[in-house]
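Asks: This is query33.cif, which holds mmCIF, C-alpha atoms:
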data_start
#
loop_
_atom_site.label_atom_id
_atom_site.label_comp_id
_atom_site.auth_asym_id
_atom_site.auth_seq_id
_atom_site.Cartn_x
_atom_site.Cartn_y
_atom_site.Cartn_z
CA MET A 1 99.36 95.04 110.81
CA ILE A 2 97.82 95.05 107.32
CA PRO A 3 95.18 97.82 107.03
CA ARG A 4 91.54 96.84 106.95
CA TYR A 5 89.97 96.65 103.51
CA SER A 6 93.35 95.95 101.88
CA ASN A 7 93.19 94.91 98.24
CA PRO A 8 93.22 91.09 98.03
CA GLU A 9 95.52 91.36 95.00
CA ALA A 10 98.10 93.11 97.16
CA THR A 11 97.95 90.63 100.03
CA ALA A 12 97.86 87.56 97.76
CA ILE A 13 101.48 88.11 96.73
CA TRP A 14 102.63 87.43 100.29
CA THR A 15 100.64 84.33 101.26
CA ASP A 16 102.27 80.97 102.01
CA GLN A 17 100.49 79.59 98.94
CA ALA A 18 102.04 82.23 96.68
CA ARG A 19 105.50 81.83 98.19
CA TYR A 20 105.55 78.04 97.88
CA SER A 21 104.20 78.27 94.32
CA ILE A 22 107.19 80.44 93.38
CA TRP A 23 109.53 78.01 95.14
CA LEU A 24 107.99 75.20 93.10
CA ASP A 25 108.69 77.12 89.89
CA ILE A 26 112.26 77.96 90.88
CA GLU A 27 113.04 74.30 91.48
CA ARG A 28 111.30 73.38 88.20
CA PHE A 29 113.29 75.92 86.20
CA ALA A 30 116.53 74.84 87.87
CA LEU A 31 115.80 71.23 86.96
CA GLU A 32 115.09 72.31 83.38
CA GLY A 33 118.50 73.96 83.23
CA MET A 34 120.24 70.89 84.63
CA VAL A 35 118.51 68.63 82.13
CA GLN A 36 119.58 70.89 79.27
CA LEU A 37 123.18 70.65 80.49
CA GLY A 38 122.98 66.92 81.10
CA THR A 39 123.57 67.14 84.84
CA ALA A 40 120.12 65.70 85.66
CA PRO A 41 118.11 63.05 83.78
CA LYS A 42 115.14 63.99 81.63
CA GLU A 43 113.03 61.54 83.60
CA ALA A 44 113.49 63.63 86.73
CA LEU A 45 112.03 66.69 85.01
CA GLU A 46 109.16 64.62 83.58
CA ALA A 47 108.35 63.27 87.04
CA TYR A 48 108.55 66.74 88.52
CA ASN A 49 106.31 68.31 85.87
CA LYS A 50 103.77 65.51 86.25
CA ASN A 51 103.65 65.14 90.02
CA ALA A 52 105.31 68.06 91.80
CA THR A 53 102.95 69.88 94.10
CA PHE A 54 102.70 70.90 97.72
CA SER A 55 100.29 71.55 100.53
CA ALA A 56 100.98 74.67 102.56
CA GLU A 57 99.50 72.97 105.57
CA ARG A 58 101.75 69.91 105.10
CA VAL A 59 104.85 72.09 104.60
CA ASN A 60 104.11 73.95 107.80
CA GLU A 61 103.50 70.68 109.61
CA ILE A 62 106.90 69.31 108.54
CA GLU A 63 108.59 72.61 109.40
CA ARG A 64 107.36 72.37 112.97
CA GLU A 65 109.43 69.18 113.22
CA VAL A 66 112.54 69.98 111.16
CA LYS A 67 112.68 73.71 112.00
CA HIS A 68 113.68 74.59 108.40
CA ASP A 69 111.21 75.95 105.88
CA VAL A 70 112.98 75.02 102.63
CA ILE A 71 113.75 71.48 103.83
CA ALA A 72 110.10 71.13 104.85
CA PHE A 73 109.01 72.26 101.41
CA LEU A 74 111.40 69.93 99.59
CA THR A 75 110.29 67.03 101.78
CA ASN A 76 106.66 67.65 100.90
CA VAL A 77 107.46 67.92 97.17
CA ALA A 78 109.45 64.68 97.36
CA GLU A 79 106.40 62.97 98.83
CA HIS A 80 104.67 63.63 95.51
CA VAL A 81 107.55 63.30 93.01
CA GLY A 82 109.08 60.11 94.39
CA PRO A 83 112.67 58.79 94.10
CA LEU A 84 113.61 61.08 91.20
CA SER A 85 113.17 64.05 93.53
CA ARG A 86 116.80 63.46 94.54
CA PHE A 87 117.79 65.68 91.58
CA VAL A 88 115.64 68.56 92.84
CA HIS A 89 117.63 71.35 94.53
CA LYS A 90 120.89 69.72 93.38
CA GLY A 91 123.89 71.95 94.17
CA MET A 92 121.65 74.68 95.57
CA THR A 93 121.32 76.29 98.97
CA SER A 94 118.18 77.50 100.70
CA SER A 95 118.88 81.15 99.97
CA ASP A 96 118.97 80.39 96.26
CA VAL A 97 115.27 79.66 96.56
CA VAL A 98 114.31 82.13 99.29
CA ASP A 99 116.11 85.19 97.93
CA THR A 100 115.07 84.55 94.35
CA CYS A 101 111.47 84.11 95.47
CA LEU A 102 111.62 87.33 97.48
CA ALA A 103 112.87 89.15 94.38
CA VAL A 104 109.89 87.85 92.40
CA GLN A 105 107.48 88.94 95.12
CA MET A 106 109.04 92.38 95.52
CA ARG A 107 109.07 92.91 91.77
CA ARG A 108 105.40 91.95 91.49
CA ALA A 109 104.49 94.17 94.42
CA GLY A 110 106.57 97.02 93.03
CA LEU A 111 104.87 96.83 89.64
CA GLN A 112 101.50 96.78 91.34
CA LEU A 113 102.47 99.85 93.37
CA LYS A 114 103.61 101.60 90.20
CA GLU A 115 100.23 100.94 88.62
CA ARG A 116 98.47 102.44 91.66
CA LEU A 117 100.86 105.39 91.67
CA GLN A 118 100.21 106.04 87.99
CA SER A 119 96.48 105.98 88.62
CA LEU A 120 96.85 108.47 91.47
CA MET A 121 98.93 110.75 89.23
CA SER A 122 96.19 110.66 86.60
CA THR A 123 93.58 111.75 89.14
CA VAL A 124 95.81 114.51 90.52
CA LYS A 125 96.45 115.70 86.95
CA SER A 126 92.73 115.88 86.21
CA ARG A 127 92.04 117.99 89.28
CA ALA A 128 95.07 120.20 88.69
CA LEU A 129 93.65 121.07 85.28
CA GLU A 130 90.24 121.68 86.84
CA PHE A 131 91.64 124.24 89.28
CA LYS A 132 94.51 125.60 87.16
CA HIS A 133 93.17 129.16 87.42
CA THR A 134 91.44 128.96 90.82
CA PRO A 135 93.16 131.57 93.02
CA CYS A 136 94.08 130.72 96.58
CA ILE A 137 96.51 132.04 99.12
CA GLY A 138 99.93 130.51 99.41
CA ARG A 139 101.22 130.15 102.95
CA SER A 140 104.65 130.00 104.54
CA HIS A 141 104.98 129.18 108.25
CA GLY A 142 101.19 128.76 108.08
CA ILE A 143 100.85 132.52 107.44
CA HIS A 144 99.47 134.17 104.31
CA ALA A 145 102.30 134.76 101.83
CA GLU A 146 101.36 135.50 98.21
CA PRO A 147 98.58 134.31 95.88
CA THR A 148 98.87 131.09 93.94
CA THR A 149 96.29 128.79 92.39
CA PHE A 150 94.96 125.51 93.68
CA GLY A 151 95.93 123.99 90.34
CA ILE A 152 99.54 125.01 90.87
CA LYS A 153 99.43 123.37 94.29
CA LEU A 154 98.11 120.13 92.77
CA ALA A 155 100.59 120.34 89.91
CA GLY A 156 103.35 120.36 92.51
CA TRP A 157 101.93 117.13 93.89
CA HIS A 158 101.98 115.60 90.41
CA ALA A 159 105.61 116.61 89.87
CA GLU A 160 106.63 115.12 93.21
CA LEU A 161 104.80 111.88 92.46
CA ALA A 162 106.61 111.72 89.11
CA ARG A 163 109.92 111.87 90.97
CA GLN A 164 108.74 109.13 93.31
CA ARG A 165 107.70 107.05 90.30
CA ALA A 166 111.24 107.34 88.91
CA ARG A 167 112.66 106.23 92.26
CA LEU A 168 110.28 103.29 92.35
CA ASP A 169 111.25 102.31 88.80
CA SER A 170 114.90 102.35 89.81
CA ALA A 171 114.19 100.33 92.95
CA ILE A 172 112.22 97.71 91.02
CA GLU A 173 115.13 97.35 88.62
CA THR A 174 117.58 97.09 91.51
CA ILE A 175 115.58 94.42 93.33
CA SER A 176 114.89 92.30 90.22
CA VAL A 177 117.89 90.11 91.01
CA GLY A 178 118.10 86.52 92.20
CA LYS A 179 120.79 83.88 92.72
CA LEU A 180 121.36 80.20 92.13
CA SER A 181 125.06 80.13 92.89
CA GLY A 182 125.23 77.80 95.87
CA ALA A 183 126.30 78.01 99.48
CA VAL A 184 128.65 81.01 99.29
CA GLY A 185 127.97 82.14 95.74
CA THR A 186 130.86 80.34 94.01
CA TYR A 187 128.84 77.91 91.80
CA ALA A 188 130.82 75.07 93.34
CA GLY A 189 127.91 72.65 93.00
CA ILE A 190 125.88 74.14 90.16
CA ASP A 191 126.61 75.47 86.68
CA PRO A 192 126.13 79.25 86.24
CA ARG A 193 124.10 78.49 83.13
CA VAL A 194 121.39 76.99 85.34
CA GLU A 195 121.14 80.31 87.15
CA GLU A 196 120.94 82.17 83.85
CA HIS A 197 118.11 79.90 82.70
CA VAL A 198 116.14 80.32 85.92
CA MET A 199 116.53 84.09 86.03
CA LYS A 200 115.43 84.45 82.42
CA ARG A 201 112.31 82.41 83.15
CA LEU A 202 111.52 84.61 86.17
CA GLU A 203 112.30 87.92 84.43
CA LEU A 204 115.16 88.57 86.84
CA ARG A 205 118.93 89.03 86.53
CA PRO A 206 121.64 87.06 88.33
CA GLU A 207 123.20 88.85 91.28
CA THR A 208 126.54 90.30 90.14
CA VAL A 209 128.48 88.88 93.09
CA ALA A 210 126.41 86.84 95.50
CA THR A 211 127.50 85.56 98.87
CA GLN A 212 125.03 83.08 100.27
CA VAL A 213 122.44 85.80 99.78
CA VAL A 214 121.56 88.65 97.46
CA SER A 215 123.11 91.85 98.81
CA ARG A 216 120.70 93.64 101.10
CA ASP A 217 121.53 97.13 99.88
CA ARG A 218 119.12 96.26 97.07
CA HIS A 219 116.28 95.64 99.49
CA ALA A 220 117.11 98.80 101.41
CA GLU A 221 116.77 100.85 98.22
CA PHE A 222 113.37 99.34 97.54
CA MET A 223 112.12 100.02 101.07
CA ALA A 224 113.48 103.57 100.90
CA ALA A 225 111.49 104.14 97.71
CA LEU A 226 108.34 102.98 99.45
CA ALA A 227 109.07 105.25 102.40
CA GLY A 228 109.55 108.17 100.02
CA ILE A 229 106.18 107.63 98.35
CA ALA A 230 104.48 107.34 101.75
CA SER A 231 106.13 110.57 102.87
CA SER A 232 104.86 112.43 99.83
CA ILE A 233 101.34 111.18 100.44
CA GLU A 234 101.65 112.36 104.03
CA ARG A 235 102.71 115.83 102.87
CA PHE A 236 99.67 116.11 100.64
CA ALA A 237 97.42 114.71 103.37
CA VAL A 238 98.70 117.27 105.88
CA GLU A 239 97.87 120.02 103.38
CA ILE A 240 94.29 118.78 103.08
CA ARG A 241 93.95 118.49 106.84
CA HIS A 242 94.99 122.13 107.21
CA LEU A 243 92.68 123.27 104.41
CA GLN A 244 89.75 121.49 106.07
CA ARG A 245 90.16 123.29 109.40
CA THR A 246 87.07 125.25 110.41
CA GLU A 247 88.89 128.57 110.15
CA VAL A 248 90.08 127.75 106.61
CA ARG A 249 87.47 125.53 104.89
CA GLU A 250 89.07 125.77 101.45
CA ALA A 251 89.04 122.04 100.70
CA MET A 252 87.46 119.11 102.50
CA GLU A 253 87.34 115.36 102.23
CA GLY A 254 84.18 114.03 100.66
CA PHE A 255 81.43 113.29 103.20
CA THR A 256 79.14 110.44 102.17
CA PRO A 257 75.42 110.19 102.98
CA GLY A 258 74.96 108.67 106.41
CA GLN A 259 78.54 109.31 107.48
CA LYS A 260 79.04 110.40 111.10
CA GLY A 261 81.88 112.59 112.32
CA SER A 262 81.63 112.26 116.08
CA SER A 263 79.74 110.21 118.63
CA ALA A 264 79.28 113.32 120.79
CA MET A 265 79.10 116.24 118.32
CA PRO A 266 76.78 115.75 115.34
CA HIS A 267 78.17 118.79 113.53
CA LYS A 268 81.68 117.33 113.15
CA ARG A 269 83.14 116.68 109.71
CA ASN A 270 86.65 115.45 110.40
CA PRO A 271 89.54 114.76 107.95
CA ILE A 272 89.68 111.13 109.03
CA LEU A 273 91.04 109.69 105.78
CA THR A 274 94.01 112.02 105.56
CA GLU A 275 94.71 111.57 109.28
CA ASN A 276 94.73 107.82 108.66
CA LEU A 277 97.17 108.27 105.79
CA CYS A 278 99.54 110.30 107.95
CA GLY A 279 99.60 107.49 110.50
CA LEU A 280 100.26 104.82 107.87
CA ALA A 281 103.11 106.88 106.40
CA ARG A 282 104.86 106.68 109.76
CA LEU A 283 104.49 102.91 109.67
CA VAL A 284 105.87 102.53 106.13
CA ARG A 285 108.83 104.77 106.96
CA SER A 286 109.53 102.75 110.08
CA TYR A 287 110.10 99.66 107.95
CA ALA A 288 112.86 101.35 105.94
CA GLN A 289 115.16 101.64 108.96
CA PRO A 290 115.54 97.89 109.65
CA ALA A 291 116.01 97.32 105.91
CA PHE A 292 119.13 99.49 106.07
CA GLU A 293 120.26 97.68 109.21
CA ASN A 294 119.92 94.39 107.30
CA VAL A 295 122.71 95.43 104.93
CA ALA A 296 125.45 94.58 107.43
CA LEU A 297 125.26 90.80 107.65
CA TRP A 298 128.06 88.65 109.08
CA HIS A 299 130.55 87.43 106.47
CA GLU A 300 128.74 85.60 103.65
CA ARG A 301 125.44 85.70 105.56
CA ASP A 302 123.56 85.32 108.77
CA ILE A 303 119.80 85.21 109.16
CA SER A 304 119.22 88.35 111.21
CA HIS A 305 117.64 89.91 108.12
CA SER A 306 115.16 87.12 107.54
CA SER A 307 112.80 87.75 110.44
CA VAL A 308 112.70 91.46 109.60
CA GLU A 309 111.87 90.90 105.95
CA ARG A 310 109.08 88.43 106.66
CA VAL A 311 107.22 91.24 108.42
CA ALA A 312 108.54 94.52 107.02
CA VAL A 313 108.46 93.89 103.27
CA PRO A 314 104.92 92.49 102.97
CA ASP A 315 103.47 94.99 105.45
CA ALA A 316 105.14 97.98 103.80
CA CYS A 317 104.01 96.94 100.32
CA VAL A 318 100.43 96.23 101.36
CA ALA A 319 100.17 99.35 103.51
CA LEU A 320 101.50 101.59 100.73
CA GLU A 321 99.16 100.03 98.18
CA PHE A 322 96.31 100.80 100.56
CA MET A 323 97.57 104.38 100.96
CA LEU A 324 97.77 104.97 97.22
CA VAL A 325 94.23 103.72 96.63
CA ARG A 326 92.83 105.63 99.60
CA PHE A 327 94.56 108.89 98.70
CA GLU A 328 93.38 108.67 95.11
CA GLY A 329 89.84 108.46 96.46
CA VAL A 330 90.50 111.50 98.65
CA VAL A 331 91.72 113.54 95.69
CA ARG A 332 88.90 112.39 93.42
CA ASN A 333 86.23 113.27 95.99
CA LEU A 334 87.87 116.40 97.38
CA VAL A 335 85.33 119.20 97.87
CA VAL A 336 87.00 122.45 96.82
CA SER A 337 85.52 125.86 97.66
CA ALA A 338 86.80 128.45 95.19
CA GLU A 339 84.69 131.08 96.94
CA ARG A 340 86.25 130.42 100.31
CA MET A 341 89.72 130.44 98.77
CA LEU A 342 89.13 133.88 97.33
CA GLU A 343 87.59 135.08 100.58
CA ASN A 344 90.64 133.93 102.53
CA LEU A 345 92.98 135.47 99.98
CA GLN A 346 91.27 138.84 100.49
CA MET A 347 91.12 138.48 104.28
CA THR A 348 94.21 140.62 104.97
CA ARG A 349 93.04 143.50 102.80
CA GLY A 350 95.59 143.22 100.03
CA THR A 351 98.68 142.76 102.17
CA VAL A 352 99.55 139.64 100.14
CA PHE A 353 100.65 142.01 97.35
CA SER A 354 103.18 143.79 99.58
CA GLY A 355 106.15 142.07 97.97
CA HIS A 356 105.20 143.27 94.51
CA LEU A 357 104.59 146.77 95.78
CA LEU A 358 108.10 146.69 97.26
CA ILE A 359 109.54 145.66 93.89
CA ALA A 360 107.59 148.35 92.05
CA LEU A 361 108.83 151.11 94.37
CA VAL A 362 112.42 149.92 94.06
CA GLU A 363 112.12 149.88 90.27
CA LYS A 364 110.90 153.50 90.45
CA GLY A 365 114.09 154.54 92.25
CA MET A 366 113.29 154.26 95.94
CA THR A 367 115.93 152.49 98.04
CA ARG A 368 114.98 149.01 99.15
CA GLU A 369 115.29 149.99 102.83
CA ASP A 370 112.97 153.00 102.46
CA ALA A 371 110.51 151.04 100.30
CA TYR A 372 110.42 148.14 102.77
CA ALA A 373 109.75 150.45 105.73
CA LEU A 374 106.99 152.29 103.87
CA VAL A 375 105.22 149.15 102.64
CA GLN A 376 105.55 147.33 105.96
CA LYS A 377 103.98 150.26 107.83
CA HIS A 378 100.91 150.29 105.59
CA ALA A 379 100.67 146.49 105.35
CA LEU A 380 100.67 145.95 109.13
CA ALA A 381 98.08 148.68 109.57
CA ALA A 382 95.85 147.11 106.92
CA TRP A 383 96.27 143.66 108.49
CA ASP A 384 95.26 145.05 111.88
CA GLY A 385 91.94 146.22 110.50
CA GLY A 386 92.58 149.54 108.87
CA ALA A 387 91.89 150.51 105.28
CA ALA A 388 92.98 148.11 102.56
CA LEU A 389 96.62 148.31 101.53
CA ILE A 390 95.80 149.70 98.08
CA GLU A 391 93.77 152.51 99.67
CA ARG A 392 96.50 153.38 102.12
CA VAL A 393 99.33 153.52 99.58
CA SER A 394 97.12 155.37 97.07
CA GLY A 395 96.94 158.19 99.59
CA ASP A 396 100.64 158.22 100.46
CA GLN A 397 102.49 161.08 98.76
CA LYS A 398 105.80 159.21 98.79
CA VAL A 399 104.19 156.47 96.74
CA LEU A 400 102.37 158.89 94.44
CA GLN A 401 105.63 160.64 93.69
CA CYS A 402 106.90 157.38 92.21
CA MET A 403 103.83 155.62 90.79
CA THR A 404 100.65 156.49 88.93
CA ALA A 405 97.23 155.21 89.98
CA GLU A 406 97.31 152.76 87.06
CA GLU A 407 100.70 151.41 88.13
CA ILE A 408 99.47 150.96 91.69
CA ALA A 409 96.37 149.13 90.44
CA ALA A 410 98.56 146.82 88.34
CA VAL A 411 100.46 145.75 91.47
CA PHE A 412 97.18 144.56 93.01
CA ASP A 413 95.91 142.83 89.86
CA LEU A 414 95.41 139.17 90.80
CA LYS A 415 95.29 137.96 87.19
CA ARG A 416 98.58 139.68 86.46
CA HIS A 417 100.10 138.05 89.53
CA LEU A 418 99.02 134.56 88.38
CA ARG A 419 99.73 135.04 84.66
CA GLU A 420 102.25 132.16 84.58
CA ALA A 421 99.84 129.54 85.95
CA ASP A 422 99.49 127.82 82.58
CA ARG A 423 103.24 127.54 82.16
CA ILE A 424 103.78 126.12 85.67
CA VAL A 425 100.90 123.63 85.61
CA ASP A 426 101.49 122.40 82.06
CA ARG A 427 105.20 121.89 82.74
CA ALA A 428 104.43 119.78 85.82
CA LEU A 429 101.69 117.73 84.21
CA ALA A 430 103.92 116.82 81.28
CA LEU A 431 106.03 114.66 83.61
#
How does this structure look as structure tokens?
Replies:
Amino acid sequence: MIPRYSNPEATAIWTDQARYSIWLDIERFALEGMVQLGTAPKEALEAYNKNATFSAERVNEIEREVKHDVIAFLTNVAEHVGPLSRFVHKGMTSSDVVDTCLAVQMRRAGLQLKERLQSLMSTVKSRALEFKHTPCIGRSHGIHAEPTTFGIKLAGWHAELARQRARLDSAIETISVGKLSGAVGTYAGIDPRVEEHVMKRLELRPETVATQVVSRDRHAEFMAALAGIASSIERFAVEIRHLQRTEVREAMEGFTPGQKGSSAMPHKRNPILTENLCGLARLVRSYAQPAFENVALWHERDISHSSVERVAVPDACVALEFMLVRFEGVVRNLVVSAERMLENLQMTRGTVFSGHLLIALVEKGMTREDAYALVQKHALAAWDGGAALIERVSGDQKVLQCMTAEEIAAVFDLKRHLREADRIVDRALAL
């Protein structure tokens, strides 16, 4: 199902009106090509340009009788064009129209998605710069690891989105292919130059070797690109959901005036937008699987792919467009607590610097095994509520035999630990 509040521009691509309008153009451009080659009379093109139109309602009415969408469409067009309509669709098969139209729609949707993705990247970039030097704790397995900055975290999102943009660009290029090569792709009833003319007019390329259809590995690549973008958004959304937990409270979705979090508990402020995005990501990914299954059609074609694509391609494109717009709003309105981030970073009394203390002791000549045992002993004690790690090691004679007080202090210097933040963030945001 298409999400509520979907952008009308996204859904408009997939309406019957839009589809039949593209079909009308494909037949027009094909007739132009035939006239140029002398295989159809000029009068036929003049009649088509003057009178060709359709009614989506009438096409659907005819289809209920003939059980064939393209024939229904051509019948309705012929009702307006008259006897010269006999030159329309000459030497073509239904898939020439349907697959070429689908390529146009997927290309348009893909370019729209790229525009939304670029806008999201711009917003992420802005916030990454804002928090480039805002310290926070990095976590592995959900447990405090070492310090990082919130800007570095966001810069990682930007870099990942840049990779997804490249995949989308490639997929758009791959899918921008149509065919007007006849029943099994041999041009038996139509000149290849007609196909070239039509594809040029539609900003597409002819399929390299068509059967009765465009090869479905192209469509699978496109759907995989959409699934990849959705998965990245889900990763970022999961991060925000974790950061909004009551015990963490480092970053939270914006909460608008009058918004309610729970019908039973007035205090609730739930990460509903990011939870919604995680659910939609599952849906978009689910559409990639049948796209790959569509690759293996019988011989030159069957129509097992058709029913899948009528649902999966529009829904995936519209759902992802919705996700990109919604997540950009989440990032733009994200409430970030630098104070809470620092408080959480300091929660374990300096144990997050244990790795650097280990390195420092090893560099001073202590074996790694001895240094690890010493640091782990003090770190676990500090974590359990004892004195801070720096206090404990500053009173340990084994440490003092290797390091001065200044060298110990340098290990626990947060600014020194995060000194490469500019390099990391700037490198990511240049993508």
Asks: Write out as a ChimeraX atom specification each polymer residue whose atoms come within 12 Å of Ser126 of chain A, counting only C-alpha atoms; drop sequence neighbours fewer than 3 positions from it.
Replies: /A:119-123,129-132,151,154-155,158,328,331-332,425-426,429
Asks: Residue by residue, what does the PyMOL selection byres ((chain A and resi 53) around 6) grab here? Present the result as number ranges by chain.
Replies: A: 52, 54, 77
Asks: Just to confirm, what's the straight-line distance from atom CA of Val198 of chain A to atom CA of Gly182 of chain A in Å (one decimal)?
Replies: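 These atoms are spaced 13.7 Å apart.
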Asks: Give the answer as one residue: which of A:Ala410, A:Ala210, A:Ile137, A:Met223 has the shortest atom-to-atom distance to Met341 of chain A, using all atoms listed in the file?
Replies: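 Ranking A:Ala410, A:Ala210, A:Ile137, A:Met223 by distance to Met341 of chain A, first place goes to A:Ile137.
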Asks: With a cut-off of 9 Å, could you pull out the residues of segment 140-225 of chain A touching segment 96-106 of chain A and give me the nearest pair of atoms for each, distance in Å to one decimal, using all atoms listed in the file, ordered by chain and ascending number, as JSON lines?
Replies:
{"residue": "A:Ile172", "atom": "CA", "partner": "A:Met106", "partner_atom": "CA", "distance": 7.7}
{"residue": "A:Ile175", "atom": "CA", "partner": "A:Ala103", "partner_atom": "CA", "distance": 6.0}
{"residue": "A:Ser176", "atom": "CA", "partner": "A:Ala103", "partner_atom": "CA", "distance": 5.6}
{"residue": "A:Val177", "atom": "CA", "partner": "A:Ala103", "partner_atom": "CA", "distance": 6.1}
{"residue": "A:Gly178", "atom": "CA", "partner": "A:Thr100", "partner_atom": "CA", "distance": 4.2}
{"residue": "A:Lys179", "atom": "CA", "partner": "A:Asp96", "partner_atom": "CA", "distance": 5.3}
{"residue": "A:Leu180", "atom": "CA", "partner": "A:Asp96", "partner_atom": "CA", "distance": 4.8}
{"residue": "A:Ser181", "atom": "CA", "partner": "A:Asp96", "partner_atom": "CA", "distance": 7.0}
{"residue": "A:Gly182", "atom": "CA", "partner": "A:Asp96", "partner_atom": "CA", "distance": 6.8}
{"residue": "A:Ala183", "atom": "CA", "partner": "A:Asp96", "partner_atom": "CA", "distance": 8.4}
{"residue": "A:Met199", "atom": "CA", "partner": "A:Thr100", "partner_atom": "CA", "distance": 8.5}
{"residue": "A:Leu202", "atom": "CA", "partner": "A:Val104", "partner_atom": "CA", "distance": 7.2}
{"residue": "A:Glu203", "atom": "CA", "partner": "A:Val104", "partner_atom": "CA", "distance": 8.3}
{"residue": "A:Leu204", "atom": "CA", "partner": "A:Val104", "partner_atom": "CA", "distance": 7.7}
{"residue": "A:Gln212", "atom": "CA", "partner": "A:Asp96", "partner_atom": "CA", "distance": 7.7}
{"residue": "A:Val213", "atom": "CA", "partner": "A:Asp99", "partner_atom": "CA", "distance": 6.6}
{"residue": "A:Val214", "atom": "CA", "partner": "A:Asp99", "partner_atom": "CA", "distance": 6.5}
{"residue": "A:His219", "atom": "CA", "partner": "A:Met106", "partner_atom": "CA", "distance": 8.9}
{"residue": "A:Phe222", "atom": "CA", "partner": "A:Met106", "partner_atom": "CA", "distance": 8.4}
